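Asks: Handing over upload-v9.txt, compact mmCIF, C-alpha atoms.
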# COMPACT_ATOMS: atom_id res chain seq x y z
CA MET A 1 0.00 0.00 0.00
CA ASN A 2 2.72 2.39 1.09
CA ARG A 3 4.70 1.99 -2.13
CA PHE A 4 1.84 3.43 -4.15
CA LEU A 5 1.41 6.43 -1.92
CA ILE A 6 4.24 8.55 -3.36
CA PRO A 7 3.38 7.97 -7.06
CA PHE A 8 -0.27 8.62 -6.24
CA ALA A 9 0.59 11.88 -4.47
CA LEU A 10 2.73 12.90 -7.46
CA PHE A 11 -0.14 12.06 -9.80
CA ILE A 12 -2.55 14.23 -7.80
CA PHE A 13 0.00 17.06 -7.76
CA LEU A 14 0.33 16.79 -11.56
CA LEU A 15 -3.47 16.84 -11.95
CA ILE A 16 -3.72 20.00 -9.84
CA MET A 17 -0.98 21.73 -11.84
CA LEU A 18 -2.57 20.75 -15.17
CA GLY A 19 -5.96 21.89 -13.87
CA LEU A 20 -4.52 25.28 -12.92
CA GLY A 21 -2.82 25.49 -16.32
CA LEU A 22 -6.13 24.96 -18.08
CA ARG A 23 -7.62 27.95 -16.32
CA LEU A 24 -4.92 30.36 -17.43
CA ASN A 25 -5.60 32.43 -20.51
CA PRO A 26 -2.43 32.70 -22.59
CA HIS A 27 -3.93 35.61 -24.49
CA GLU A 28 -3.85 37.77 -21.40
CA VAL A 29 -0.24 38.80 -21.36
CA PRO A 30 0.52 40.94 -18.31
CA SER A 31 1.53 44.36 -19.53
CA PRO A 32 4.96 45.61 -18.47
CA LEU A 33 3.52 49.13 -18.71
CA ILE A 34 1.40 48.88 -15.57
CA GLY A 35 2.84 51.20 -12.91
CA LYS A 36 4.81 53.09 -15.58
CA PRO A 37 4.06 56.48 -17.09
CA ALA A 38 1.81 56.28 -20.15
CA PRO A 39 3.79 56.78 -23.37
CA GLY A 40 3.57 60.28 -24.79
CA PHE A 41 1.89 60.92 -28.11
CA GLN A 42 0.37 63.63 -30.18
CA LEU A 43 -2.43 62.53 -32.47
CA SER A 44 -4.82 64.27 -34.76
CA GLN A 45 -8.40 64.10 -33.47
CA LEU A 46 -10.58 61.68 -35.37
CA GLN A 47 -13.43 64.11 -35.93
CA ALA A 48 -11.35 67.28 -36.17
CA PRO A 49 -8.18 66.53 -38.17
CA ASP A 50 -6.67 69.95 -37.51
CA LYS A 51 -6.91 69.58 -33.71
CA PHE A 52 -4.64 67.40 -31.65
CA ILE A 53 -4.79 65.34 -28.50
CA THR A 54 -1.90 64.62 -26.13
CA PRO A 55 -1.86 62.95 -22.69
CA GLN A 56 -0.26 66.09 -21.19
CA GLU A 57 -3.62 67.87 -21.41
CA LEU A 58 -5.14 65.19 -19.19
CA LYS A 59 -2.68 65.49 -16.31
CA GLY A 60 -4.52 65.98 -13.04
CA GLN A 61 -7.46 63.77 -13.89
CA VAL A 62 -8.11 60.06 -13.98
CA TRP A 63 -8.90 58.94 -17.50
CA LEU A 64 -9.56 55.88 -19.61
CA LEU A 65 -7.91 55.17 -22.92
CA ASN A 66 -10.03 52.80 -24.98
CA VAL A 67 -8.40 51.35 -28.09
CA TRP A 68 -11.01 50.68 -30.76
CA ALA A 69 -11.52 50.36 -34.51
CA SER A 70 -14.47 50.22 -36.85
CA TRP A 71 -13.27 46.85 -38.23
CA CYS A 72 -13.05 45.30 -34.78
CA VAL A 73 -15.99 43.04 -34.02
CA SER A 74 -15.35 42.75 -30.27
CA CYS A 75 -15.38 46.55 -30.07
CA ARG A 76 -19.03 46.49 -31.12
CA LEU A 77 -19.60 43.95 -28.37
CA GLU A 78 -18.34 46.31 -25.68
CA HIS A 79 -19.82 49.45 -27.19
CA ALA A 80 -23.08 49.38 -25.23
CA ALA A 81 -21.14 49.02 -21.97
CA LEU A 82 -18.99 52.01 -22.94
CA MET A 83 -22.06 54.10 -23.72
CA ASP A 84 -23.52 53.23 -20.30
CA LEU A 85 -20.25 54.07 -18.60
CA ALA A 86 -20.06 57.43 -20.37
CA SER A 87 -23.65 58.42 -19.64
CA GLN A 88 -23.95 57.20 -16.05
CA HIS A 89 -20.59 58.09 -14.56
CA ARG A 90 -18.32 61.06 -14.74
CA VAL A 91 -15.37 59.44 -16.43
CA THR A 92 -13.00 61.01 -18.91
CA MET A 93 -12.88 58.53 -21.75
CA ILE A 94 -10.45 59.02 -24.60
CA GLY A 95 -10.63 56.81 -27.67
CA LEU A 96 -7.67 55.58 -29.66
CA ASN A 97 -8.96 54.86 -33.14
CA TYR A 98 -6.45 52.17 -34.09
CA LYS A 99 -5.46 51.38 -37.68
CA ASP A 100 -8.67 52.65 -39.15
CA THR A 101 -9.68 55.07 -41.86
CA ARG A 102 -11.09 58.42 -40.79
CA LEU A 103 -14.31 57.86 -42.72
CA ASN A 104 -15.00 54.41 -41.24
CA GLY A 105 -14.16 55.59 -37.75
CA ILE A 106 -16.43 58.60 -37.92
CA ASN A 107 -19.24 56.55 -39.44
CA ALA A 108 -18.97 53.89 -36.74
CA LEU A 109 -19.37 56.54 -34.02
CA ARG A 110 -22.27 58.10 -35.87
CA GLU A 111 -23.98 54.74 -36.18
CA LEU A 112 -23.35 53.39 -32.68
CA GLY A 113 -23.01 56.55 -30.61
CA ASN A 114 -19.89 58.26 -29.32
CA PRO A 115 -18.87 57.47 -25.73
CA TYR A 116 -15.58 59.38 -26.01
CA GLN A 117 -14.75 62.98 -25.15
CA VAL A 118 -12.38 62.76 -28.05
CA SER A 119 -10.70 60.07 -30.14
CA GLY A 120 -7.12 60.19 -31.37
CA PHE A 121 -6.60 58.95 -34.91
CA ASP A 122 -3.77 56.37 -34.91
CA GLU A 123 -3.74 55.52 -38.59
CA ASN A 124 -0.55 53.45 -38.75
CA GLY A 125 -0.85 51.96 -35.26
CA ARG A 126 2.38 53.51 -33.94
CA VAL A 127 0.80 54.81 -30.75
CA GLY A 128 -0.85 51.41 -30.34
CA VAL A 129 2.56 49.74 -30.46
CA ASP A 130 3.90 52.18 -27.85
CA PHE A 131 1.05 51.11 -25.58
CA GLY A 132 1.77 47.44 -26.28
CA VAL A 133 -1.58 46.93 -27.98
CA TYR A 134 -1.95 43.57 -29.68
CA GLY A 135 -5.63 42.77 -29.56
CA VAL A 136 -8.29 45.41 -29.91
CA PRO A 137 -10.26 46.37 -27.88
CA GLU A 138 -7.97 47.23 -25.00
CA THR A 139 -8.62 49.71 -22.21
CA PHE A 140 -6.12 51.49 -19.98
CA VAL A 141 -6.82 53.31 -16.73
CA ILE A 142 -4.43 56.22 -16.26
CA ASP A 143 -4.12 58.13 -12.98
CA LYS A 144 -3.74 61.83 -12.25
CA THR A 145 0.03 61.75 -12.61
CA GLY A 146 -0.15 59.99 -15.96
CA VAL A 147 0.76 56.50 -14.72
CA ILE A 148 -0.98 53.45 -16.21
CA ARG A 149 -2.74 51.60 -13.40
CA TYR A 150 -4.77 48.93 -15.16
CA LYS A 151 -5.12 47.31 -18.55
CA GLN A 152 -8.10 45.39 -19.81
CA ILE A 153 -7.40 43.14 -22.78
CA GLY A 154 -10.50 42.34 -24.79
CA PRO A 155 -14.00 43.77 -24.46
CA LEU A 156 -15.16 45.53 -21.31
CA THR A 157 -18.29 44.02 -19.82
CA ALA A 158 -20.74 45.58 -17.40
CA GLU A 159 -19.29 43.19 -14.82
CA VAL A 160 -15.68 44.30 -15.31
CA ILE A 161 -16.77 47.93 -15.23
CA THR A 162 -18.67 47.69 -11.93
CA GLU A 163 -16.28 45.29 -10.22
CA LYS A 164 -12.90 46.56 -11.38
CA LEU A 165 -12.95 49.85 -13.26
CA LEU A 166 -15.31 51.96 -11.15
CA PRO A 167 -13.77 51.04 -7.75
CA LEU A 168 -10.30 51.70 -9.17
CA ILE A 169 -11.32 55.05 -10.68
CA LYS A 170 -12.95 56.05 -7.38
CA GLU A 171 -9.82 55.16 -5.48
CA LEU A 172 -7.55 57.00 -7.90
CA ASN A 173 -9.78 60.07 -7.82
CA ARG A 174 -9.38 60.25 -4.05
CA ALA A 175 -5.59 60.17 -4.26
CA MET B 1 0.41 24.29 -74.08
CA HIS B 2 1.14 22.57 -70.79
CA LYS B 3 4.58 24.08 -70.67
CA ILE B 4 3.23 27.60 -71.06
CA PHE B 5 0.70 26.95 -68.33
CA LEU B 6 3.41 25.68 -65.99
CA LEU B 7 5.56 28.67 -66.78
CA LEU B 8 2.71 31.04 -65.95
CA LEU B 9 2.03 29.15 -62.75
CA THR B 10 5.61 29.37 -61.54
CA LEU B 11 5.68 33.06 -62.43
CA ALA B 12 2.49 33.64 -60.47
CA ILE B 13 3.88 31.79 -57.46
CA SER B 14 7.14 33.73 -57.50
CA VAL B 15 5.23 37.01 -57.68
CA CYS B 16 3.16 36.00 -54.64
CA ASN B 17 6.29 35.13 -52.72
CA ALA B 18 8.08 38.27 -53.69
CA GLN B 19 5.48 40.29 -51.82
CA SER B 20 5.83 38.56 -48.49
CA VAL B 21 9.56 37.82 -48.40
CA PRO B 22 11.67 40.82 -47.48
CA GLY B 23 14.75 41.79 -49.44
CA ASN B 24 18.11 40.19 -48.89
CA SER B 25 20.03 43.23 -47.80
CA GLU B 26 22.09 42.91 -44.65
CA LEU B 27 19.53 45.03 -42.81
CA ASP B 28 16.66 42.73 -43.75
CA LEU B 29 18.61 39.66 -42.70
CA ARG B 30 19.44 41.26 -39.36
CA MET B 31 15.79 42.25 -38.88
CA MET B 32 14.56 38.75 -39.72
CA ARG B 33 17.10 37.18 -37.35
CA ILE B 34 15.84 39.35 -34.49
CA ALA B 35 12.20 38.78 -35.49
CA GLY B 36 12.94 35.04 -35.40
CA GLU B 37 13.65 35.30 -31.67
CA LEU B 38 10.51 37.26 -30.85
CA ARG B 39 7.00 35.98 -30.33
CA CYS B 40 4.08 37.28 -32.33
CA LEU B 41 1.48 38.39 -29.78
CA VAL B 42 -1.43 37.65 -32.11
CA CYS B 43 -0.62 34.07 -33.05
CA GLN B 44 1.41 33.17 -30.04
CA ASN B 45 3.06 30.03 -31.30
CA GLN B 46 4.64 31.78 -34.24
CA THR B 47 7.67 33.99 -34.29
CA LEU B 48 7.41 37.56 -35.44
CA ALA B 49 9.36 36.47 -38.51
CA ASP B 50 6.93 33.69 -39.46
CA SER B 51 3.66 35.42 -38.73
CA ASN B 52 1.56 37.14 -41.34
CA ALA B 53 -0.66 38.85 -38.78
CA GLU B 54 -1.01 42.53 -39.52
CA LEU B 55 0.59 43.47 -36.21
CA ALA B 56 3.60 41.28 -37.03
CA ILE B 57 4.01 42.97 -40.41
CA ASP B 58 3.84 46.42 -38.76
CA LEU B 59 6.30 45.41 -36.08
CA ARG B 60 8.78 43.99 -38.61
CA LYS B 61 8.59 47.29 -40.45
CA GLN B 62 9.29 49.19 -37.25
CA LEU B 63 12.14 46.88 -36.27
CA ARG B 64 13.71 47.45 -39.67
CA GLU B 65 13.40 51.23 -39.29
CA LYS B 66 14.98 51.10 -35.85
CA LEU B 67 17.91 49.09 -37.17
CA ALA B 68 18.27 51.46 -40.12
CA SER B 69 18.42 54.40 -37.71
CA GLY B 70 21.44 52.78 -36.08
CA MET B 71 20.01 50.97 -33.05
CA SER B 72 21.82 47.84 -31.94
CA ASP B 73 20.15 44.41 -31.94
CA GLN B 74 19.87 44.52 -28.16
CA GLU B 75 18.27 47.97 -28.20
CA VAL B 76 15.65 46.77 -30.66
CA ILE B 77 14.87 43.72 -28.53
CA ASP B 78 14.61 45.98 -25.45
CA PHE B 79 12.18 48.19 -27.36
CA MET B 80 9.91 45.17 -27.81
CA VAL B 81 10.27 43.94 -24.21
CA GLN B 82 9.40 47.40 -22.85
CA ARG B 83 6.11 47.28 -24.71
CA TYR B 84 5.08 43.65 -24.68
CA GLY B 85 6.98 42.22 -21.70
CA ASP B 86 9.35 39.27 -21.33
CA PHE B 87 6.69 37.12 -22.96
CA VAL B 88 7.87 38.22 -26.43
CA LEU B 89 11.24 36.59 -25.90
CA TYR B 90 11.38 33.04 -27.18
CA LYS B 91 14.65 32.66 -25.31
CA PRO B 92 13.89 33.76 -21.75
CA ARG B 93 16.45 35.96 -20.03
CA LEU B 94 18.42 34.65 -17.08
CA GLN B 95 16.91 36.53 -14.13
CA PRO B 96 15.57 35.57 -10.68
CA SER B 97 12.06 34.90 -12.02
CA THR B 98 13.41 32.47 -14.63
CA TRP B 99 15.97 30.64 -12.47
CA LEU B 100 13.57 27.77 -11.90
CA LEU B 101 12.97 27.55 -15.64
CA TRP B 102 16.67 27.44 -16.50
CA PHE B 103 17.94 25.34 -13.60
CA GLY B 104 14.83 23.27 -12.77
CA PRO B 105 15.78 20.41 -15.09
CA PHE B 106 19.19 20.13 -13.40
CA LEU B 107 17.51 20.10 -9.99
CA ILE B 108 15.33 17.22 -11.14
CA LEU B 109 18.42 15.43 -12.51
CA ILE B 110 20.31 15.84 -9.23
CA GLY B 111 17.23 14.75 -7.25
CA GLY B 112 16.92 11.66 -9.44
CA LEU B 113 20.61 10.79 -8.99
CA ILE B 114 20.35 11.13 -5.20
CA PHE B 115 17.25 8.93 -5.18
CA LEU B 116 19.05 6.36 -7.33
CA VAL B 117 22.14 6.27 -5.08
CA PHE B 118 20.03 5.70 -1.95
CA ARG B 119 17.95 3.08 -3.70
CA ILE B 120 20.98 1.11 -4.92
CA ARG B 121 22.63 1.26 -1.50
CA ARG B 122 19.52 -0.08 0.17
CA LEU B 123 19.22 -2.91 -2.32
CA GLN B 124 22.90 -3.80 -1.79
CA ASN B 125 22.40 -3.84 2.00
CA GLU B 126 19.36 -6.09 1.63
CA ASP B 127 21.39 -8.49 -0.54
CA ARG B 128 24.13 -8.74 2.07
CA SER B 129 21.82 -9.43 4.96
As structure tokens - that is how I would like this structure written.

Replies:
Amino acid sequence: MNRFLIPFALFIFLLIMLGLGLRLNPHEVPSPLIGKPAPGFQLSQLQAPDKFITPQELKGQVWLLNVWASWCVSCRLEHAALMDLASQHRVTMIGLNYKDTRLNGINALRELGNPYQVSGFDENGRVGVDFGVYGVPETFVIDKTGVIRYKQIGPLTAEVITEKLLPLIKELNRA
Amino acid sequence: MHKIFLLLLTLAISVCNAQSVPGNSELDLRMMRIAGELRCLVCQNQTLADSNAELAIDLRKQLREKLASGMSDQEVIDFMVQRYGDFVLYKPRLQPSTWLLWFGPFLILIGGLIFLVFRIRRLQNEDRS
């Protein structure tokens, strides 16, 4: 009996490790940018090409950067949640229109509604790369000093917003 | 007739390839060597060099520009790690968080050897008695 005990214990250990492995999502790569200052950029505004947007203007407030595109199906999935967030809470939400065309981007907002104060137009995706974007939609929470505090990879849901985003924004606003 | 068809086919294939394969300049080769060590974040089991994902194509273009502007190989790799984390490295760096990864197999080997030595000694003692 005793001689089977060790192999059996090892087997159970292996099962537990494999079980834990199954629950991990390899597509959620932890961002090295969390806790670091958000990369600087200056982008033309999607709806007003002659105006610009830079993160410097947003110093002193907590804001969200939502990376989206008209061609991105999951962005449509999260759009209703974004609209709710924008209408029900006082949150500064900036869009990053990623690898899109101006026309398609503007039309998408016209069709679905515009939850953003303003969207930056990142035509070639350079700003996206600086933010380590690899799967749209992605959302960053940036604090008053311009430091990235949270990154959501994939669509925001009402659940993520109420359980993670809003408490974090509240906490950061108090700081 | 067949020969002409074959000729056209090979021409068509070479044209297709010409679009996706970068040039053979020293810069391109250097870029592709670096891209071969980096993971494509979109299709995670492919290298940046192998992937045809749009992000991979963009990133290869940027890597090439960085090299052309005089950055060293290491600086270009650091550029990627700063944005996408250690996960982009197919060859993990030697650092405290990867010690277990690098030295774990040797630990298991040593553990196995110790187990074996004790086991053999015990068997020998049993034989004698």

Asks: Could you please determine the separation between atom CA of Asp73 of chain B and atom CA of Val88 of chain B in Å, to one decimal place?

Replies: 14.8 Å

Asks: Could you tell me which residues of chain A sit within 9 Å of chain B when counting only C-alpha atoms, and give me the result as an MDAnalysis selection string?

Replies: chainID A and resid 26:27 29:33 124:126 129:135

Asks: Between A:Ile12, A:Leu112, A:Leu96, A:Leu165, single out the one closest to Ala80 of chain A, counting all atoms listed in the file.

Replies: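 Using all atoms listed in the file, the shortest distance to Ala80 of chain A belongs to A:Leu112.
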
Asks: Could you check how far atom CA of Lys144 of chain A sits from atom CA of Ala38 of chain A, in Å to one decimal?

Replies: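 Pair atom CA of Lys144 of chain A / atom CA of Ala38 of chain A returns 11.1 Å.
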
Asks: Applying 12 Å and all atoms listed in the file, which residues near Ser70 of chain A remain after dropping the ones on its own chain fewer than 6 positions away? List them as a list in words.

Replies: Arg76, Leu77, His79, Gly95, Leu96, Asn97, Tyr98, Lys99, Asp100, Thr101, Arg102, Leu103, Asn104, Gly105, Ile106, Asn107, Ala108, Leu109, Arg110, Glu111, Leu112, Phe121, Val136 and Pro137 of chain A

Asks: Atom CA of Asp50 of chain A and atom CA of Asn114 of chain A are how many Å apart?

Replies: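 About the pair atom CA of Asp50 of chain A and atom CA of Asn114 of chain A: they are 19.5 Å apart.
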
Asks: Between A:Gly120, A:Gly60, A:Gly146, A:Met17, which residue has the minimum interatomic distance to Pro39 of chain A, considering all atoms listed in the file?

Replies: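 Looking at the shortest contact to Pro39 of chain A, the residue is A:Gly146.
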
Asks: Give me the residues within 12 Å of Ala175 of chain A as a list in words, counting all atoms listed in the file and dropping any in the same chain fewer than 6 places off.

Replies: Gly60, Gln61, Val62, Asp143, Lys144, Thr145, Leu168 and Ile169 of chain A

Asks: Please check which residues have atoms at most 10 Å from (3.8, 63.0, -23.6) in the file's coordinates, counting all atoms listed in the file, and write them as a PDB file with C-alpha atoms, in the frame of the given file.

Replies:
ATOM      1  CA  PRO A  37       4.060  56.480 -17.090  1.00  0.00           C
ATOM      2  CA  ALA A  38       1.810  56.280 -20.150  1.00  0.00           C
ATOM      3  CA  PRO A  39       3.790  56.780 -23.370  1.00  0.00           C
ATOM      4  CA  GLY A  40       3.570  60.280 -24.790  1.00  0.00           C
ATOM      5  CA  PHE A  41       1.890  60.920 -28.110  1.00  0.00           C
ATOM      6  CA  GLN A  42       0.370  63.630 -30.180  1.00  0.00           C
ATOM      7  CA  THR A  54      -1.900  64.620 -26.130  1.00  0.00           C
ATOM      8  CA  PRO A  55      -1.860  62.950 -22.690  1.00  0.00           C
ATOM      9  CA  GLN A  56      -0.260  66.090 -21.190  1.00  0.00           C
ATOM     10  CA  GLU A  57      -3.620  67.870 -21.410  1.00  0.00           C
ATOM     11  CA  GLY A 146      -0.150  59.990 -15.960  1.00  0.00           C
TER      12      GLY A 146
END

Asks: With N, CA, C and O atoms as the goal, would you fill in the gaps in segment 108-134 of chain A and present it as a PDB file, in the frame of the given file?

Replies:
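Once written, result.pdb looks like this:
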ATOM      1  N   ALA A 108     -18.662  54.846 -37.811  1.00  0.00           N
ATOM      2  CA  ALA A 108     -18.970  53.890 -36.740  1.00  0.00           C
ATOM      3  C   ALA A 108     -19.521  54.636 -35.526  1.00  0.00           C
ATOM      4  O   ALA A 108     -20.490  54.189 -34.911  1.00  0.00           O
ATOM      5  N   LEU A 109     -18.898  55.779 -35.190  1.00  0.00           N
ATOM      6  CA  LEU A 109     -19.370  56.540 -34.020  1.00  0.00           C
ATOM      7  C   LEU A 109     -20.746  57.135 -34.280  1.00  0.00           C
ATOM      8  O   LEU A 109     -21.581  57.221 -33.385  1.00  0.00           O
ATOM      9  N   ARG A 110     -20.966  57.518 -35.531  1.00  0.00           N
ATOM     10  CA  ARG A 110     -22.270  58.100 -35.870  1.00  0.00           C
ATOM     11  C   ARG A 110     -23.349  57.041 -35.741  1.00  0.00           C
ATOM     12  O   ARG A 110     -24.444  57.286 -35.249  1.00  0.00           O
ATOM     13  N   GLU A 111     -23.006  55.831 -36.173  1.00  0.00           N
ATOM     14  CA  GLU A 111     -23.980  54.740 -36.180  1.00  0.00           C
ATOM     15  C   GLU A 111     -24.270  54.222 -34.771  1.00  0.00           C
ATOM     16  O   GLU A 111     -25.415  53.980 -34.401  1.00  0.00           O
ATOM     17  N   LEU A 112     -23.197  54.069 -33.967  1.00  0.00           N
ATOM     18  CA  LEU A 112     -23.350  53.390 -32.680  1.00  0.00           C
ATOM     19  C   LEU A 112     -23.438  54.349 -31.498  1.00  0.00           C
ATOM     20  O   LEU A 112     -23.797  53.946 -30.395  1.00  0.00           O
ATOM     21  N   GLY A 113     -23.075  55.602 -31.728  1.00  0.00           N
ATOM     22  CA  GLY A 113     -23.010  56.550 -30.610  1.00  0.00           C
ATOM     23  C   GLY A 113     -21.563  56.743 -30.192  1.00  0.00           C
ATOM     24  O   GLY A 113     -20.739  55.853 -30.357  1.00  0.00           O
ATOM     25  N   ASN A 114     -21.273  57.927 -29.655  1.00  0.00           N
ATOM     26  CA  ASN A 114     -19.890  58.260 -29.320  1.00  0.00           C
ATOM     27  C   ASN A 114     -19.713  58.394 -27.817  1.00  0.00           C
ATOM     28  O   ASN A 114     -20.150  59.363 -27.215  1.00  0.00           O
ATOM     29  N   PRO A 115     -19.069  57.390 -27.171  1.00  0.00           N
ATOM     30  CA  PRO A 115     -18.870  57.470 -25.730  1.00  0.00           C
ATOM     31  C   PRO A 115     -17.642  58.289 -25.334  1.00  0.00           C
ATOM     32  O   PRO A 115     -17.401  58.494 -24.149  1.00  0.00           O
ATOM     33  N   TYR A 116     -16.859  58.749 -26.317  1.00  0.00           N
ATOM     34  CA  TYR A 116     -15.580  59.380 -26.010  1.00  0.00           C
ATOM     35  C   TYR A 116     -15.681  60.902 -25.991  1.00  0.00           C
ATOM     36  O   TYR A 116     -16.412  61.488 -26.783  1.00  0.00           O
ATOM     37  N   GLN A 117     -14.904  61.529 -25.104  1.00  0.00           N
ATOM     38  CA  GLN A 117     -14.750  62.980 -25.150  1.00  0.00           C
ATOM     39  C   GLN A 117     -14.109  63.324 -26.489  1.00  0.00           C
ATOM     40  O   GLN A 117     -14.499  64.259 -27.170  1.00  0.00           O
ATOM     41  N   VAL A 118     -13.098  62.536 -26.812  1.00  0.00           N
ATOM     42  CA  VAL A 118     -12.380  62.760 -28.050  1.00  0.00           C
ATOM     43  C   VAL A 118     -11.651  61.462 -28.408  1.00  0.00           C
ATOM     44  O   VAL A 118     -11.330  60.666 -27.532  1.00  0.00           O
ATOM     45  N   SER A 119     -11.463  61.232 -29.712  1.00  0.00           N
ATOM     46  CA  SER A 119     -10.700  60.070 -30.140  1.00  0.00           C
ATOM     47  C   SER A 119      -9.467  60.530 -30.906  1.00  0.00           C
ATOM     48  O   SER A 119      -9.553  61.417 -31.755  1.00  0.00           O
ATOM     49  N   GLY A 120      -8.326  59.931 -30.593  1.00  0.00           N
ATOM     50  CA  GLY A 120      -7.120  60.190 -31.370  1.00  0.00           C
ATOM     51  C   GLY A 120      -7.093  59.250 -32.564  1.00  0.00           C
ATOM     52  O   GLY A 120      -7.545  58.109 -32.462  1.00  0.00           O
ATOM     53  N   PHE A 121      -6.586  59.740 -33.681  1.00  0.00           N
ATOM     54  CA  PHE A 121      -6.600  58.950 -34.910  1.00  0.00           C
ATOM     55  C   PHE A 121      -5.210  58.351 -35.136  1.00  0.00           C
ATOM     56  O   PHE A 121      -4.285  59.045 -35.560  1.00  0.00           O
ATOM     57  N   ASP A 122      -5.072  57.061 -34.829  1.00  0.00           N
ATOM     58  CA  ASP A 122      -3.770  56.370 -34.910  1.00  0.00           C
ATOM     59  C   ASP A 122      -3.762  55.512 -36.169  1.00  0.00           C
ATOM     60  O   ASP A 122      -3.899  54.298 -36.116  1.00  0.00           O
ATOM     61  N   GLU A 123      -3.556  56.180 -37.300  1.00  0.00           N
ATOM     62  CA  GLU A 123      -3.740  55.520 -38.590  1.00  0.00           C
ATOM     63  C   GLU A 123      -2.790  54.333 -38.784  1.00  0.00           C
ATOM     64  O   GLU A 123      -3.200  53.260 -39.201  1.00  0.00           O
ATOM     65  N   ASN A 124      -1.503  54.533 -38.481  1.00  0.00           N
ATOM     66  CA  ASN A 124      -0.550  53.450 -38.750  1.00  0.00           C
ATOM     67  C   ASN A 124      -0.289  52.566 -37.526  1.00  0.00           C
ATOM     68  O   ASN A 124       0.531  51.657 -37.585  1.00  0.00           O
ATOM     69  N   GLY A 125      -0.977  52.835 -36.413  1.00  0.00           N
ATOM     70  CA  GLY A 125      -0.850  51.960 -35.260  1.00  0.00           C
ATOM     71  C   GLY A 125       0.411  52.172 -34.434  1.00  0.00           C
ATOM     72  O   GLY A 125       0.731  51.362 -33.566  1.00  0.00           O
ATOM     73  N   ARG A 126       1.127  53.269 -34.678  1.00  0.00           N
ATOM     74  CA  ARG A 126       2.380  53.510 -33.940  1.00  0.00           C
ATOM     75  C   ARG A 126       2.132  53.740 -32.452  1.00  0.00           C
ATOM     76  O   ARG A 126       2.858  53.241 -31.604  1.00  0.00           O
ATOM     77  N   VAL A 127       1.109  54.542 -32.150  1.00  0.00           N
ATOM     78  CA  VAL A 127       0.800  54.810 -30.750  1.00  0.00           C
ATOM     79  C   VAL A 127       0.335  53.505 -30.083  1.00  0.00           C
ATOM     80  O   VAL A 127       0.699  53.203 -28.949  1.00  0.00           O
ATOM     81  N   GLY A 128      -0.426  52.717 -30.831  1.00  0.00           N
ATOM     82  CA  GLY A 128      -0.850  51.410 -30.340  1.00  0.00           C
ATOM     83  C   GLY A 128       0.342  50.551 -29.934  1.00  0.00           C
ATOM     84  O   GLY A 128       0.352  49.944 -28.865  1.00  0.00           O
ATOM     85  N   VAL A 129       1.359  50.527 -30.767  1.00  0.00           N
ATOM     86  CA  VAL A 129       2.560  49.740 -30.460  1.00  0.00           C
ATOM     87  C   VAL A 129       3.232  50.271 -29.195  1.00  0.00           C
ATOM     88  O   VAL A 129       3.664  49.506 -28.338  1.00  0.00           O
ATOM     89  N   ASP A 130       3.287  51.605 -29.047  1.00  0.00           N
ATOM     90  CA  ASP A 130       3.900  52.180 -27.850  1.00  0.00           C
ATOM     91  C   ASP A 130       3.153  51.770 -26.592  1.00  0.00           C
ATOM     92  O   ASP A 130       3.740  51.646 -25.522  1.00  0.00           O
ATOM     93  N   PHE A 131       1.852  51.555 -26.717  1.00  0.00           N
ATOM     94  CA  PHE A 131       1.050  51.110 -25.580  1.00  0.00           C
ATOM     95  C   PHE A 131       1.026  49.585 -25.460  1.00  0.00           C
ATOM     96  O   PHE A 131       0.328  49.036 -24.625  1.00  0.00           O
ATOM     97  N   GLY A 132       1.751  48.902 -26.337  1.00  0.00           N
ATOM     98  CA  GLY A 132       1.770  47.440 -26.280  1.00  0.00           C
ATOM     99  C   GLY A 132       0.457  46.804 -26.656  1.00  0.00           C
ATOM    100  O   GLY A 132       0.113  45.735 -26.180  1.00  0.00           O
ATOM    101  N   VAL A 133      -0.281  47.459 -27.548  1.00  0.00           N
ATOM    102  CA  VAL A 133      -1.580  46.930 -27.980  1.00  0.00           C
ATOM    103  C   VAL A 133      -1.356  45.771 -28.942  1.00  0.00           C
ATOM    104  O   VAL A 133      -0.547  45.862 -29.845  1.00  0.00           O
ATOM    105  N   TYR A 134      -2.047  44.647 -28.701  1.00  0.00           N
ATOM    106  CA  TYR A 134      -1.950  43.570 -29.680  1.00  0.00           C
ATOM    107  C   TYR A 134      -3.286  42.930 -29.987  1.00  0.00           C
ATOM    108  O   TYR A 134      -3.396  42.083 -30.865  1.00  0.00           O
TER     109      TYR A 134
END
